[in-house]
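Novice: Sharing target07.tsv, TSV, C-alpha atoms:
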```tsv
chain	number	residue	atom	x	y	z
A	1443	MET	CA	-64.27	42.35	-86.02
A	1444	GLU	CA	-60.78	40.91	-86.02
A	1445	ALA	CA	-60.43	41.69	-89.71
A	1446	SER	CA	-61.41	45.31	-89.07
A	1447	ALA	CA	-58.88	45.62	-86.23
A	1448	THR	CA	-56.18	44.09	-88.39
A	1449	ALA	CA	-56.98	46.53	-91.15
A	1450	ARG	CA	-56.77	49.47	-88.75
A	1451	CYS	CA	-53.41	48.24	-87.42
A	1452	THR	CA	-52.09	47.86	-90.95
A	1453	THR	CA	-53.29	51.37	-91.80
A	1454	ASP	CA	-51.71	52.78	-88.64
A	1455	GLU	CA	-48.40	51.03	-89.40
A	1456	ASP	CA	-48.44	52.36	-92.94
A	1457	GLY	CA	-49.08	55.83	-91.59
A	1458	ILE	CA	-46.17	55.53	-89.13
A	1459	ASP	CA	-43.87	54.26	-91.88
A	1460	ASN	CA	-44.86	57.18	-94.11
A	1461	ASN	CA	-44.31	59.68	-91.32
A	1462	GLN	CA	-40.92	58.18	-90.54
A	1463	SER	CA	-39.94	58.29	-94.20
A	1464	GLN	CA	-41.00	61.92	-94.42
A	1465	ARG	CA	-39.01	62.82	-91.29
A	1466	VAL	CA	-35.94	61.02	-92.62
A	1467	ALA	CA	-36.27	62.82	-95.95
A	1468	ALA	CA	-36.73	66.16	-94.19
A	1469	ASP	CA	-33.71	65.55	-91.96
A	1470	TYR	CA	-31.61	64.53	-94.97
A	1471	SER	CA	-32.66	67.64	-96.88
A	1472	SER	CA	-31.98	69.83	-93.86
A	1473	SER	CA	-28.56	68.24	-93.43
A	1474	ASN	CA	-27.69	68.90	-97.07
A	1475	VAL	CA	-28.75	72.51	-96.74
A	1476	LYS	CA	-26.65	72.94	-93.61
A	1477	ASN	CA	-23.62	71.35	-95.28
A	1478	ALA	CA	-24.03	73.59	-98.31
A	1479	ARG	CA	-24.23	76.67	-96.11
A	1480	LEU	CA	-21.21	75.54	-94.08
A	1481	ASN	CA	-19.14	74.93	-97.21
A	1482	SER	CA	-20.17	78.32	-98.58
A	1483	MET	CA	-19.18	80.06	-95.33
A	1484	LEU	CA	-15.90	78.11	-95.20
A	1485	ALA	CA	-15.06	79.08	-98.78
A	1486	ALA	CA	-15.75	82.74	-97.98
A	1487	LEU	CA	-13.59	82.58	-94.85
A	1488	LEU	CA	-10.69	80.99	-96.72
A	1489	GLU	CA	-10.64	83.98	-99.09
A	1490	ASP	CA	-9.69	86.19	-96.15
A	1491	PRO	CA	-5.95	87.10	-96.33
A	1492	ILE	CA	-5.67	86.41	-92.61
A	1493	LEU	CA	-6.35	82.74	-93.34
A	1494	ALA	CA	-3.91	82.51	-96.24
A	1495	ASP	CA	-2.06	79.67	-94.47
A	1496	VAL	CA	-5.12	77.42	-94.50
A	1497	PRO	CA	-5.25	74.95	-97.44
A	1498	LYS	CA	-8.24	75.17	-99.77
A	1499	LYS	CA	-9.42	71.77	-98.55
A	1500	PRO	CA	-8.13	71.69	-94.96
A	1501	THR	CA	-7.96	68.47	-93.02
A	1502	LEU	CA	-8.33	68.18	-89.27
A	1503	SER	CA	-4.54	67.83	-89.09
A	1504	ASP	CA	-4.11	71.13	-90.97
A	1505	VAL	CA	-6.40	72.91	-88.53
A	1506	ASP	CA	-4.62	71.37	-85.53
A	1507	THR	CA	-1.25	72.49	-86.89
A	1508	LEU	CA	-2.45	76.07	-87.42
A	1509	ILE	CA	-3.91	76.16	-83.91
A	1510	SER	CA	-0.57	74.88	-82.62
A	1511	LEU	CA	1.14	77.70	-84.53
A	1512	GLU	CA	-0.96	80.23	-82.67
A	1513	LEU	CA	-0.17	78.49	-79.36
A	1514	GLY	CA	3.56	78.46	-80.09
A	1515	SER	CA	3.95	74.70	-80.45
A	1516	ALA	CA	4.37	74.86	-84.25
A	1517	MET	CA	6.57	76.96	-86.50
A	1518	ARG	CA	6.32	78.67	-89.87
A	1519	ILE	CA	9.23	77.99	-92.21
A	1520	SER	CA	10.00	79.85	-95.42
A	1521	VAL	CA	11.18	77.71	-98.32
A	1522	GLN	CA	13.17	79.36	-101.11
A	1523	LYS	CA	12.72	77.71	-104.50
A	1524	LEU	CA	15.31	77.48	-107.27
A	1525	ASP	CA	13.76	80.42	-109.12
A	1526	GLY	CA	14.22	82.69	-106.10
A	1527	THR	CA	10.57	82.75	-105.07
A	1528	SER	CA	9.54	81.41	-101.70
A	1529	LEU	CA	6.59	79.76	-99.98
A	1530	ASP	CA	5.67	79.22	-96.34
A	1531	VAL	CA	4.80	75.96	-94.65
A	1532	VAL	CA	3.80	75.19	-91.08
A	1533	VAL	CA	5.13	72.20	-89.14
A	1534	MET	CA	5.20	71.19	-85.51
A	1535	ASN	CA	8.18	72.23	-83.38
A	1536	SER	CA	9.10	68.54	-83.08
A	1537	ALA	CA	9.02	68.03	-86.87
A	1538	THR	CA	11.72	66.10	-88.69
A	1539	VAL	CA	13.28	66.75	-92.09
A	1540	LYS	CA	10.85	64.20	-93.53
A	1541	ASP	CA	7.89	66.09	-92.05
A	1542	LEU	CA	9.15	69.29	-93.66
A	1543	LYS	CA	9.49	67.55	-97.03
A	1544	LEU	CA	5.93	66.24	-96.80
A	1545	ALA	CA	4.64	69.73	-95.92
A	1546	ILE	CA	6.49	71.22	-98.91
A	1547	LYS	CA	5.18	68.50	-101.20
A	1548	ARG	CA	1.61	69.11	-100.17
A	1549	LYS	CA	1.92	72.90	-100.42
A	1550	ILE	CA	3.43	72.81	-103.91
A	1551	ASN	CA	0.91	70.22	-105.11
A	1552	ASP	CA	-1.92	72.43	-103.82
A	1553	MET	CA	-0.41	75.45	-105.58
A	1554	GLU	CA	-0.08	73.51	-108.83
A	1555	GLN	CA	-3.69	72.32	-108.59
A	1556	SER	CA	-5.06	75.82	-108.00
A	1557	LYS	CA	-2.99	77.50	-110.72
A	1558	MET	CA	-2.54	74.97	-113.52
A	1559	GLY	CA	-4.75	72.02	-112.73
A	1560	HIS	CA	-3.21	68.59	-112.42
A	1561	ARG	CA	0.46	68.51	-113.41
A	1562	HIS	CA	2.51	65.47	-112.53
A	1563	ILE	CA	5.50	66.18	-110.31
A	1564	SER	CA	7.92	63.33	-109.76
A	1565	TRP	CA	8.92	63.92	-106.16
A	1566	LYS	CA	11.16	60.88	-106.37
A	1567	HIS	CA	13.11	62.73	-109.05
A	1568	VAL	CA	13.07	65.96	-107.02
A	1569	TRP	CA	14.55	64.46	-103.87
A	1570	ALA	CA	17.03	62.35	-105.85
A	1571	ASN	CA	18.52	65.48	-107.44
A	1572	PHE	CA	17.83	68.26	-104.93
A	1573	CYS	CA	17.78	68.65	-101.19
A	1574	LEU	CA	17.02	71.30	-98.58
A	1575	SER	CA	19.71	73.43	-97.02
A	1576	TYR	CA	19.84	75.69	-93.97
A	1577	HIS	CA	22.79	78.03	-93.45
A	1578	ASN	CA	24.77	76.09	-96.07
A	1579	GLU	CA	24.15	72.80	-94.24
A	1580	LYS	CA	22.24	70.20	-96.22
A	1581	LEU	CA	19.33	68.48	-94.53
A	1582	LEU	CA	20.13	64.95	-95.61
A	1583	GLU	CA	18.88	62.89	-92.66
A	1584	ASP	CA	15.11	62.44	-92.95
A	1585	ASN	CA	14.69	61.37	-89.34
A	1586	SER	CA	16.69	64.25	-87.86
A	1587	SER	CA	14.78	66.91	-85.96
A	1588	LEU	CA	14.69	70.33	-87.59
A	1589	GLN	CA	15.69	71.84	-84.27
A	1590	ASP	CA	18.89	69.77	-84.39
A	1591	TYR	CA	19.87	71.93	-87.38
A	1592	GLY	CA	18.98	75.09	-85.49
A	1593	ILE	CA	15.79	75.67	-87.46
A	1594	ARG	CA	13.21	77.72	-85.58
A	1595	SER	CA	10.02	79.57	-86.47
A	1596	ASN	CA	10.48	82.01	-89.38
A	1597	SER	CA	13.72	80.32	-90.47
A	1598	GLN	CA	14.33	79.98	-94.19
A	1599	VAL	CA	15.55	76.84	-95.97
A	1600	GLN	CA	16.56	76.59	-99.62
A	1601	PHE	CA	16.40	74.02	-102.39
A	1602	VAL	CA	19.92	73.20	-103.56
A	1603	PRO	CA	21.32	70.60	-105.98
A	1604	GLN	CA	22.00	67.24	-104.44
A	1605	VAL	CA	25.66	66.23	-104.72
A	1606	MET	CA	26.02	62.45	-104.41
A	1607	THR	CA	29.04	60.32	-103.67
A	1608	ARG	CA	30.24	57.79	-106.24
A	1609	VAL	CA	28.61	54.96	-104.30
A	1610	SER	CA	25.26	56.71	-104.10
A	1611	GLN	CA	25.54	57.62	-107.79
A	1612	ARG	CA	25.96	53.95	-108.69
A	1613	HIS	CA	22.90	53.07	-106.62
A	1614	SER	CA	21.01	55.93	-108.22
A	1615	ARG	CA	21.88	54.72	-111.71
A	1616	ARG	CA	20.65	51.25	-110.77
A	1617	ARG	CA	17.41	52.70	-109.48
A	1618	LYS	CA	16.96	54.76	-112.64
A	1619	HIS	CA	17.69	51.68	-114.75
A	1620	ARG	CA	14.94	49.76	-112.96
A	1621	PHE	CA	12.68	52.80	-113.12
A	1622	PHE	CA	12.93	53.34	-116.87
A	1623	HIS	CA	13.02	49.69	-117.90
A	1624	GLY	CA	9.96	48.56	-116.04
A	1625	LEU	CA	11.66	46.20	-113.60
A	1626	SER	CA	9.55	47.55	-110.76
A	1627	LYS	CA	5.80	47.99	-110.73
A	1628	SER	CA	5.99	51.73	-110.19
A	1629	ALA	CA	7.98	52.14	-113.43
A	1630	SER	CA	5.73	50.11	-115.71
A	1631	ASP	CA	4.33	53.23	-117.38
A	1632	PHE	CA	7.82	54.24	-118.48
A	1633	THR	CA	8.78	50.95	-120.11
A	1634	ASN	CA	8.14	52.15	-123.64
A	1635	ALA	CA	8.64	55.84	-123.00
A	1636	THR	CA	11.00	57.87	-125.18
A	1637	PRO	CA	13.20	60.68	-123.83
A	1638	ASP	CA	10.80	63.21	-125.37
A	1639	GLN	CA	7.91	61.64	-123.45
A	1640	THR	CA	9.67	61.57	-120.09
A	1641	ARG	CA	11.32	64.98	-120.40
A	1642	PRO	CA	8.11	67.00	-119.67
A	1643	ARG	CA	7.67	65.21	-116.34
A	1644	ILE	CA	11.25	65.90	-115.28
A	1645	GLN	CA	11.00	69.50	-116.50
A	1646	SER	CA	7.73	70.10	-114.62
A	1647	SER	CA	9.31	68.71	-111.46
A	1648	ARG	CA	12.22	71.13	-111.79
A	1649	GLU	CA	9.93	74.08	-112.47
A	1650	ALA	CA	7.85	73.25	-109.39
A	1651	ILE	CA	10.81	73.75	-107.08
```
Could you write out this file's structure as structure tokens?

Specialist:
Amino acid sequence: MEASATARCTTDEDGIDNNQSQRVAADYSSSNVKNARLNSMLAALLEDPILADVPKKPTLSDVDTLISLELGSAMRISVQKLDGTSLDVVVMNSATVKDLKLAIKRKINDMEQSKMGHRHISWKHVWANFCLSYHNEKLLEDNSSLQDYGIRSNSQVQFVPQVMTRVSQRHSRRRKHRFFHGLSKSASDFTNATPDQTRPRIQSSREAI
């Protein structure tokens, strides 16, 4: 009698385990289907010209910034590149010069990815040789607020060559020496590089801006 009861309990437990496994599998499958549909709908929405400001793979921060733009607490800034073309980025009204640089970096990297695939851009080289300018005033202080320079929504900034003082040039040469001779970890890949090998990276960085 006890053996029979034990057998029934074991059978019941096996049945419960099977049912639970089936429900979990069904929920997982349903979740995958929902995610696939959501991604498909999102991709279709992002093709709409009205949503041209939204990155192809938006983060929560991107969405928050765009909502803030609609509410008036963020601003759209036009950035003129060296070739005369321009691109738009969105930053918060309280953004600093550094925030603007990061927004430009991400926008250009996204553009490069969508058009040409992965192409290395040395942003260290970019900011060492070029800077942003607004009304002929260079934005050299990363921690300064954009509004301190008079930048508002729909303002346009430009990339211009960076003119360094003799002191900063000496420091720059030291940094480049360390960079190309592998004295820092970040420059180890360039230790044995020839000018012909490094030139494409520098050229691609210049073309990007």

Novice: Between CA of Asn1481 in chain A and CA of Ser1556 in chain A, what distance in Å does the model show, to one decimal?

Specialist: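 Taking CA of Asn1481 in chain A and CA of Ser1556 in chain A, their separation equals 17.8 Å.
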
Novice: For Lys1580 in chain A, list every protein, DNA or RNA residue within 12 Å, evaluated using all atoms listed in the file, and leave out those in the same chain fewer than 2 positions away; present the list as number ranges by chain.

Specialist: A: 1539, 1572-1578, 1582-1584, 1586, 1588, 1591, 1599-1606

Novice: Mind pulling up the distance from CA of Ser1515 in chain A to CA of Asn1535 in chain A?

Specialist: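 These two atoms are separated by 5.7 Å.
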
Novice: Which is closer to Lys1549 in chain A than all the others in A:Ile1651, A:Asn1474, A:Glu1512, A:Leu1524, using all atoms listed in the file?

Specialist: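 Using all atoms listed in the file, Lys1549 in chain A sits closest to A:Ile1651.
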
Novice: For range 1527-1534 of chain A, I'd like the enclosing box, axis-aligned and padded by 3 Å on every side, reported as AutoDock Vina command-line options with centre and edge lengths in Å to one decimal.

Specialist:
```
--center_x 7.2 --center_y 77.0 --center_z -95.3 --size_x 12.8 --size_y 17.6 --size_z 25.6
```

Novice: Please measure the separation of CA of Thr1507 in chain A and CA of Val1533 in chain A, giving the value in Å to one decimal.

Specialist: 6.8 Å

Novice: Rank A:Ala1537, A:Val1568, A:Leu1480, A:Ile1546 by their smallest atom-to-atom distance to Ser1520 in chain A, using all atoms listed in the file, and report the top residue only.

Specialist: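 Ranking A:Ala1537, A:Val1568, A:Leu1480, A:Ile1546 by distance to Ser1520 in chain A, first place goes to A:Ile1546.
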
Novice: With all atoms listed in the file as the basis for distance, which of A:Lys1476, A:Lys1523, A:Lys1547, A:Arg1518 is at the shortest distance from Lys1566 in chain A?

Specialist: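 For Lys1566 in chain A, the nearest of the given residues is A:Lys1547.
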
Novice: Pick out the closest residue to Asp1504 in chain A from this set: A:Ala1570, A:Met1553, A:Met1534, A:Leu1581. Count all atoms listed in the file.

Specialist: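 Among the listed residues, A:Met1534 lies closest to Asp1504 in chain A.
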
Novice: Which is closest to Ser1597 in chain A among A:Ile1519, A:Leu1513, A:Leu1508, A:Val1475, if we use all atoms listed in the file?

Specialist: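 The shortest atom-to-atom distance to Ser1597 in chain A comes from A:Ile1519.
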
Novice: So, with all atoms listed in the file as the atoms that count, which of A:Lys1557, A:Ser1510, A:His1567, A:Ser1595 lies closest to Asp1530 in chain A?

Specialist: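 So, comparing all the options, the nearest one is A:Ser1595.
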